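Participant: If it helps, the file is called final_27.pdb and holds PDB, C-alpha atoms:
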MODEL        1
ATOM      1  CA  MET A1339    -113.934 -90.454  97.970
ATOM      2  CA  LYS A1340    -112.739 -92.971  95.384
ATOM      3  CA  LYS A1341    -113.287 -96.659  96.102
ATOM      4  CA  ASP A1342    -110.412 -99.024  95.405
ATOM      5  CA  ILE A1343    -111.479-101.981  93.314
ATOM      6  CA  TYR A1344    -109.733-105.163  94.373
ATOM      7  CA  LYS A1345    -109.107-107.524  91.472
ATOM      8  CA  LYS A1346    -108.089-111.103  92.207
ATOM      9  CA  CYS A1347    -107.100-113.967  89.922
ATOM     10  CA  CYS A1348    -109.857-116.598  89.852
ATOM     11  CA  LEU A1349    -107.283-119.332  89.115
ATOM     12  CA  CYS A1350    -104.773-118.789  91.947
ATOM     13  CA  PRO A1351    -104.377-117.033  95.303
ATOM     14  CA  SER A1352    -101.528-114.759  94.153
ATOM     15  CA  ARG A1353    -102.259-111.058  94.606
ATOM     16  CA  GLU A1354     -99.335-109.955  92.445
ATOM     17  CA  GLY A1355     -99.026-109.471  88.705
ATOM     18  CA  ALA A1356    -101.098-108.113  85.876
ATOM     19  CA  LEU A1357    -104.569-109.486  85.298
ATOM     20  CA  LYS A1358    -106.780-109.804  82.219
ATOM     21  CA  PRO A1359    -110.593-109.983  82.206
ATOM     22  CA  THR A1360    -112.277-113.383  81.984
ATOM     23  CA  ASP A1361    -115.425-114.472  80.175
ATOM     24  CA  THR A1362    -117.194-114.767  83.545
ATOM     25  CA  GLY A1363    -116.580-111.160  84.621
ATOM     26  CA  GLY A1364    -113.604-112.033  86.812
ATOM     27  CA  TRP A1365    -109.863-111.675  86.393
ATOM     28  CA  ALA A1366    -106.955-114.044  85.724
ATOM     29  CA  HIS A1367    -103.203-114.012  85.155
ATOM     30  CA  VAL A1368    -102.061-114.799  81.614
ATOM     31  CA  VAL A1369     -99.551-117.294  83.033
ATOM     32  CA  CYS A1370    -102.373-119.137  84.824
ATOM     33  CA  ALA A1371    -104.338-119.240  81.576
ATOM     34  CA  LEU A1372    -101.379-120.633  79.641
ATOM     35  CA  TYR A1373    -100.647-123.478  82.027
ATOM     36  CA  ILE A1374    -104.168-124.684  82.887
ATOM     37  CA  GLN A1375    -104.985-126.726  79.811
ATOM     38  CA  GLU A1376    -108.741-126.094  79.703
ATOM     39  CA  VAL A1377    -108.309-122.310  79.697
ATOM     40  CA  SER A1378    -108.136-120.434  76.387
ATOM     41  CA  PHE A1379    -108.128-116.890  75.027
ATOM     42  CA  GLY A1380    -110.986-115.210  73.189
ATOM     43  CA  ASP A1381    -108.469-113.241  71.100
ATOM     44  CA  MET A1382    -104.882-114.494  70.801
ATOM     45  CA  ASN A1383    -103.472-111.055  69.969
ATOM     46  CA  SER A1384    -104.879-109.222  73.004
ATOM     47  CA  LEU A1385    -104.979-112.391  75.161
ATOM     48  CA  GLU A1386    -108.466-111.507  76.371
ATOM     49  CA  PRO A1387    -110.927-112.359  77.466
ATOM     50  CA  ILE A1388    -109.475-115.354  79.242
ATOM     51  CA  ILE A1389    -112.006-118.161  78.802
ATOM     52  CA  VAL A1390    -112.343-120.022  82.118
ATOM     53  CA  THR A1391    -115.793-121.577  81.704
ATOM     54  CA  ASN A1392    -114.297-124.863  80.424
ATOM     55  CA  VAL A1393    -112.198-125.483  83.536
ATOM     56  CA  PRO A1394    -113.611-128.570  85.303
ATOM     57  CA  LYS A1395    -114.909-128.000  88.826
ATOM     58  CA  GLU A1396    -112.495-130.706  90.009
ATOM     59  CA  ARG A1397    -109.542-128.362  89.357
ATOM     60  CA  PHE A1398    -111.061-125.896  91.836
ATOM     61  CA  LYS A1399    -111.408-128.666  94.430
ATOM     62  CA  GLN A1400    -107.733-129.709  94.294
ATOM     63  CA  THR A1401    -105.282-128.697  97.009
ATOM     64  CA  CYS A1402    -102.010-127.016  96.073
ATOM     65  CA  SER A1403     -99.124-129.198  97.271
ATOM     66  CA  ILE A1404     -96.754-126.202  97.280
ATOM     67  CA  CYS A1405     -99.053-124.118  99.520
ATOM     68  CA  THR A1406     -99.409-127.138 101.817
ATOM     69  CA  GLU A1407     -95.610-127.609 101.903
ATOM     70  CA  ARG A1408     -95.255-123.918 102.857
ATOM     71  CA  GLN A1409     -97.890-124.429 105.570
ATOM     72  CA  GLN A1410    -100.190-121.932 103.836
ATOM     73  CA  ASN A1411    -103.250-124.151 104.114
ATOM     74  CA  HIS A1412    -105.583-121.150 103.960
ATOM     75  CA  LEU A1413    -104.351-120.590 100.363
ATOM     76  CA  ALA A1414    -104.012-124.240  99.299
ATOM     77  CA  GLY A1415    -107.673-124.630  98.311
ATOM     78  CA  GLN A1416    -108.126-121.291  96.536
ATOM     79  CA  GLY A1417    -108.358-121.088  92.758
ATOM     80  CA  ALA A1418    -107.659-123.962  90.386
ATOM     81  CA  CYS A1419    -104.660-126.278  90.313
ATOM     82  CA  MET A1420    -102.717-127.714  87.426
ATOM     83  CA  SER A1421    -101.417-131.268  87.618
ATOM     84  CA  CYS A1422     -97.862-132.475  87.339
ATOM     85  CA  ALA A1423     -97.177-133.268  83.682
ATOM     86  CA  ARG A1424     -95.531-136.576  84.591
ATOM     87  CA  VAL A1425     -97.965-139.327  83.589
ATOM     88  CA  GLY A1426     -99.400-141.010  86.678
ATOM     89  CA  CYS A1427     -98.336-138.301  89.142
ATOM     90  CA  LYS A1428    -101.188-137.061  91.314
ATOM     91  CA  SER A1429     -99.454-133.880  92.529
ATOM     92  CA  ALA A1430    -101.396-130.649  91.927
ATOM     93  CA  PHE A1431    -100.363-127.030  92.429
ATOM     94  CA  HIS A1432    -101.242-123.447  91.540
ATOM     95  CA  VAL A1433     -99.531-122.123  88.426
ATOM     96  CA  THR A1434     -98.092-119.124  90.267
ATOM     97  CA  CYS A1435     -96.775-121.320  93.091
ATOM     98  CA  ALA A1436     -95.037-123.525  90.513
ATOM     99  CA  GLN A1437     -93.717-120.395  88.787
ATOM    100  CA  GLU A1438     -92.150-119.146  92.038
ATOM    101  CA  LYS A1439     -90.448-122.522  92.531
ATOM    102  CA  GLY A1440     -89.189-122.706  88.923
ATOM    103  CA  PHE A1441     -91.358-125.723  88.057
ATOM    104  CA  LEU A1442     -92.887-124.366  84.808
ATOM    105  CA  PHE A1443     -91.576-125.434  81.419
ATOM    106  CA  GLU A1444     -92.429-124.959  77.770
ATOM    107  CA  GLU A1445     -92.208-127.786  75.290
ATOM    108  CA  LEU A1446     -91.489-126.204  71.932
ATOM    109  CA  VAL A1447     -92.979-128.278  69.138
ATOM    110  CA  ASN A1448     -92.220-127.595  65.491
ATOM    111  CA  ASN A1449     -95.004-128.920  63.263
ATOM    112  CA  ASN A1450     -92.946-128.438  60.080
ATOM    113  CA  ASN A1451     -90.385-131.114  60.992
ATOM    114  CA  ASN A1452     -87.745-128.394  61.333
ATOM    115  CA  SER A1453     -85.684-128.504  64.474
ATOM    116  CA  LEU A1454     -86.446-125.589  66.794
ATOM    117  CA  CYS A1455     -83.702-125.660  69.378
ATOM    118  CA  PRO A1456     -83.968-123.855  72.727
ATOM    119  CA  GLN A1457     -81.382-121.315  71.572
ATOM    120  CA  GLN A1458     -83.980-119.977  69.118
ATOM    121  CA  SER A1459     -86.322-119.119  71.978
ATOM    122  CA  VAL A1460     -85.704-115.664  73.436
ATOM    123  CA  SER A1461     -87.169-113.610  76.257
ATOM    124  CA  ASN A1462     -88.465-110.159  75.454
ATOM    125  CA  ASN A1463     -88.046-107.242  77.858
ATOM    126  CA  SER A1464     -91.192-108.159  79.775
ATOM    127  CA  GLY A1465     -89.827-111.653  80.458
ATOM    128  CA  GLN A1466     -92.257-113.437  78.136
ATOM    129  CA  GLN A1467     -90.937-116.243  75.976
ATOM    130  CA  GLN A1468     -91.271-115.624  72.260
ATOM    131  CA  THR A1469     -89.772-117.415  69.304
ATOM    132  CA  ASN A1470     -87.707-115.384  66.833
ATOM    133  CA  GLY A1471     -89.955-114.034  64.063
ATOM    134  CA  GLU A1472     -93.212-115.430  65.451
ATOM    135  CA  ASN A1473     -96.190-113.610  66.921
ATOM    136  CA  MET A1474     -97.897-114.855  70.096
ATOM    137  CA  GLU A1475    -100.609-116.740  68.190
ATOM    138  CA  THR A1476     -98.123-118.773  66.151
ATOM    139  CA  HIS A1477     -95.901-119.286  69.188
ATOM    140  CA  ALA A1478     -98.748-120.487  71.405
ATOM    141  CA  ALA A1479     -99.870-122.969  68.753
ATOM    142  CA  ASN A1480     -96.403-124.570  68.878
ATOM    143  CA  VAL A1481     -95.924-124.699  72.637
ATOM    144  CA  ASN A1482     -97.137-127.122  75.245
ATOM    145  CA  TYR A1483     -97.069-125.451  78.658
ATOM    146  CA  ARG A1484     -96.147-127.922  81.408
ATOM    147  CA  GLY A1485     -95.472-127.955  85.117
ATOM    148  CA  TYR A1486     -93.746-130.620  87.159
ATOM    149  CA  CYS A1487     -93.785-131.378  90.886
ATOM    150  CA  ALA A1488     -90.616-131.231  92.996
ATOM    151  CA  VAL A1489     -89.913-134.945  92.550
ATOM    152  CA  HIS A1490     -90.223-134.972  88.760
ATOM    153  CA  ILE A1491     -88.610-131.592  88.092
ATOM    154  CA  THR A1492     -85.374-132.904  89.589
ATOM    155  CA  LYS A1493     -85.391-135.886  87.233
ATOM    156  CA  LEU A1494     -86.301-133.695  84.246
ATOM    157  CA  VAL A1495     -83.591-131.094  84.825
ATOM    158  CA  SER A1496     -80.969-133.801  85.253
ATOM    159  CA  HIS A1497     -81.950-135.148  81.799
ATOM    160  CA  PRO A1498     -82.351-132.024  79.594
ATOM    161  CA  SER A1499     -82.262-133.904  76.288
ATOM    162  CA  PRO A1500     -85.249-133.903  73.886
ATOM    163  CA  VAL A1501     -88.205-135.987  75.070
ATOM    164  CA  SER A1502     -90.320-138.378  73.009
ATOM    165  CA  SER A1503     -89.456-136.718  69.681
ATOM    166  CA  PRO A1504     -86.505-134.983  68.072
ATOM    167  CA  ASN A1505     -88.773-131.958  67.489
ATOM    168  CA  ILE A1506     -89.751-131.392  71.140
ATOM    169  CA  TYR A1507     -87.454-129.565  73.558
ATOM    170  CA  ILE A1508     -87.864-128.618  77.184
ATOM    171  CA  ILE A1509     -86.827-125.113  78.240
ATOM    172  CA  LEU A1510     -87.363-123.172  81.418
ATOM    173  CA  ALA A1511     -90.288-120.782  81.234
ATOM    174  CA  THR A1512     -89.607-117.214  82.298
ATOM    175  CA  LEU A1513     -93.153-115.890  82.107
TER     176      LEU A1513
ENDMDL
END
As structure tokens, what does this structure read like?
Facilitator:
Amino acid sequence: MKKDIYKKCCLCPSREGALKPTDTGGWAHVVCALYIQEVSFGDMNSLEPIIVTNVPKERFKQTCSICTERQQNHLAGQGACMSCARVGCKSAFHVTCAQEKGFLFEELVNNNNNSLCPQQSVSNNSGQQQTNGENMETHAANVNYRGYCAVHITKLVSHPSPVSSPNIYIILATL
């Protein structure tokens, strides 16, 4: 009789999606790793292991506002939460909860002072965002992954122009 091995993301309560091994012997979603700022990758080409040892314990103590809104309190305290990218906002949520709601964004930053407009960003067949002609390592070095709460996402979407610099653009993440 073969035993089923249950693998669960250590950063969120979602039971769906592909997982990669972590440096602690657990598992995590790549999308969770991208959006929680203290998480990194041991190898940028294979995107593993996912390094979670630098995530502050406070992130694991936060309550997901989206789970709470859905009255899923039993899930709200599982995993680690990211914070709303709006300065001063105290809202926290799981990456995968924010993904389901459409609250995840990528800020494309071009370090060469060349404009990189959102039209140059394309989705590959797996739904991952990649920039024309760039590998994942180069792309990740030029992207800030952000999430916004329900209040601030509405304001952001209604003002889709470049923020804080002519070389930074906001586009919807489709990870």
Participant: Could you put an axis-aligned box around every listed atom of region 1403-1414 of chain A, padded by 3 Å on each side, and send me its centre and edge lengths in Å to one decimal, as JSON?
Facilitator:
{"center_x": -100.4, "center_y": -124.9, "center_z": 101.4, "size_x": 16.3, "size_y": 14.6, "size_z": 14.3}
Participant: What does the distance from CA of Thr1434 (chain A) to CA of Val1369 (chain A) come to in Å, to one decimal?
Facilitator: 7.6 Å
Participant: With all atoms listed in the file as the atoms that count, which of A:Gln1375, A:Gln1437, A:Ser1429, A:Asn1480 lies nearest to Val1393 (chain A)?
Facilitator: A:Gln1375
Participant: Going by the chain IDs and residue numbers used in this file, which residues fall under the PyMOL selection byres ((chain A and resi 1442) around 8)? Write them as a PyMOL selection string.
Facilitator: chain A and resi 1433+1436-1437+1440-1441+1443-1444+1483-1486+1510-1511
Participant: Between CA of Phe1398 (chain A) and CA of Glu1445 (chain A), measure the distance and give it in Å to one decimal.
Facilitator: 25.2 Å
Participant: Restricting the calculation to all atoms listed in the file: of A:Gln1416, A:Ser1384, A:Asn1411, A:Asn1482, which residue gets closest to Leu1349 (chain A)?
Facilitator: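 Using all atoms listed in the file, the shortest distance to Leu1349 (chain A) belongs to A:Gln1416.
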Participant: Report, in Å to a single decimal, how far apart CA of Ala1366 (chain A) and CA of Lys1345 (chain A) are.
Facilitator: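 Separation of CA of Lys1345 (chain A) and CA of Ala1366 (chain A): 9.0 Å.
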Participant: From the set A:Thr1492, A:Thr1362, A:Leu1413, A:Val1481, which residue has the shortest atom-to-atom contact distance to Thr1391 (chain A), counting only C-alpha atoms?
Facilitator: A:Thr1362
Participant: Can you list, as an MDAnalysis selection string, every protein, DNA or RNA residue that comes within 8 Å of Trp1365 (chain A) when you count only C-alpha atoms, leaving out same-chain residues fewer than 4 positions away?
Facilitator: chainID A and resid 1345:1348 1357:1360
Participant: Run the PyMOL selection byres ((chain A and resi 1388) around 7) against the file shown and list the residues it catches, as a list in words.
Facilitator: Lys1358, Pro1359, Thr1360, Asp1361, Ala1371, Ser1378, Phe1379, Gly1380, Leu1385, Glu1386, Pro1387, Ile1389 and Val1390 of chain A
Participant: Check what the PyMOL selection byres ((chain A and resi 1401-1408) around 6) selects in the file above and give those residues as a list in words.
Facilitator: Gln1400, Gln1409, Gln1410, Asn1411, Ala1414, Gly1415, Ala1430, Phe1431 and His1432 of chain A
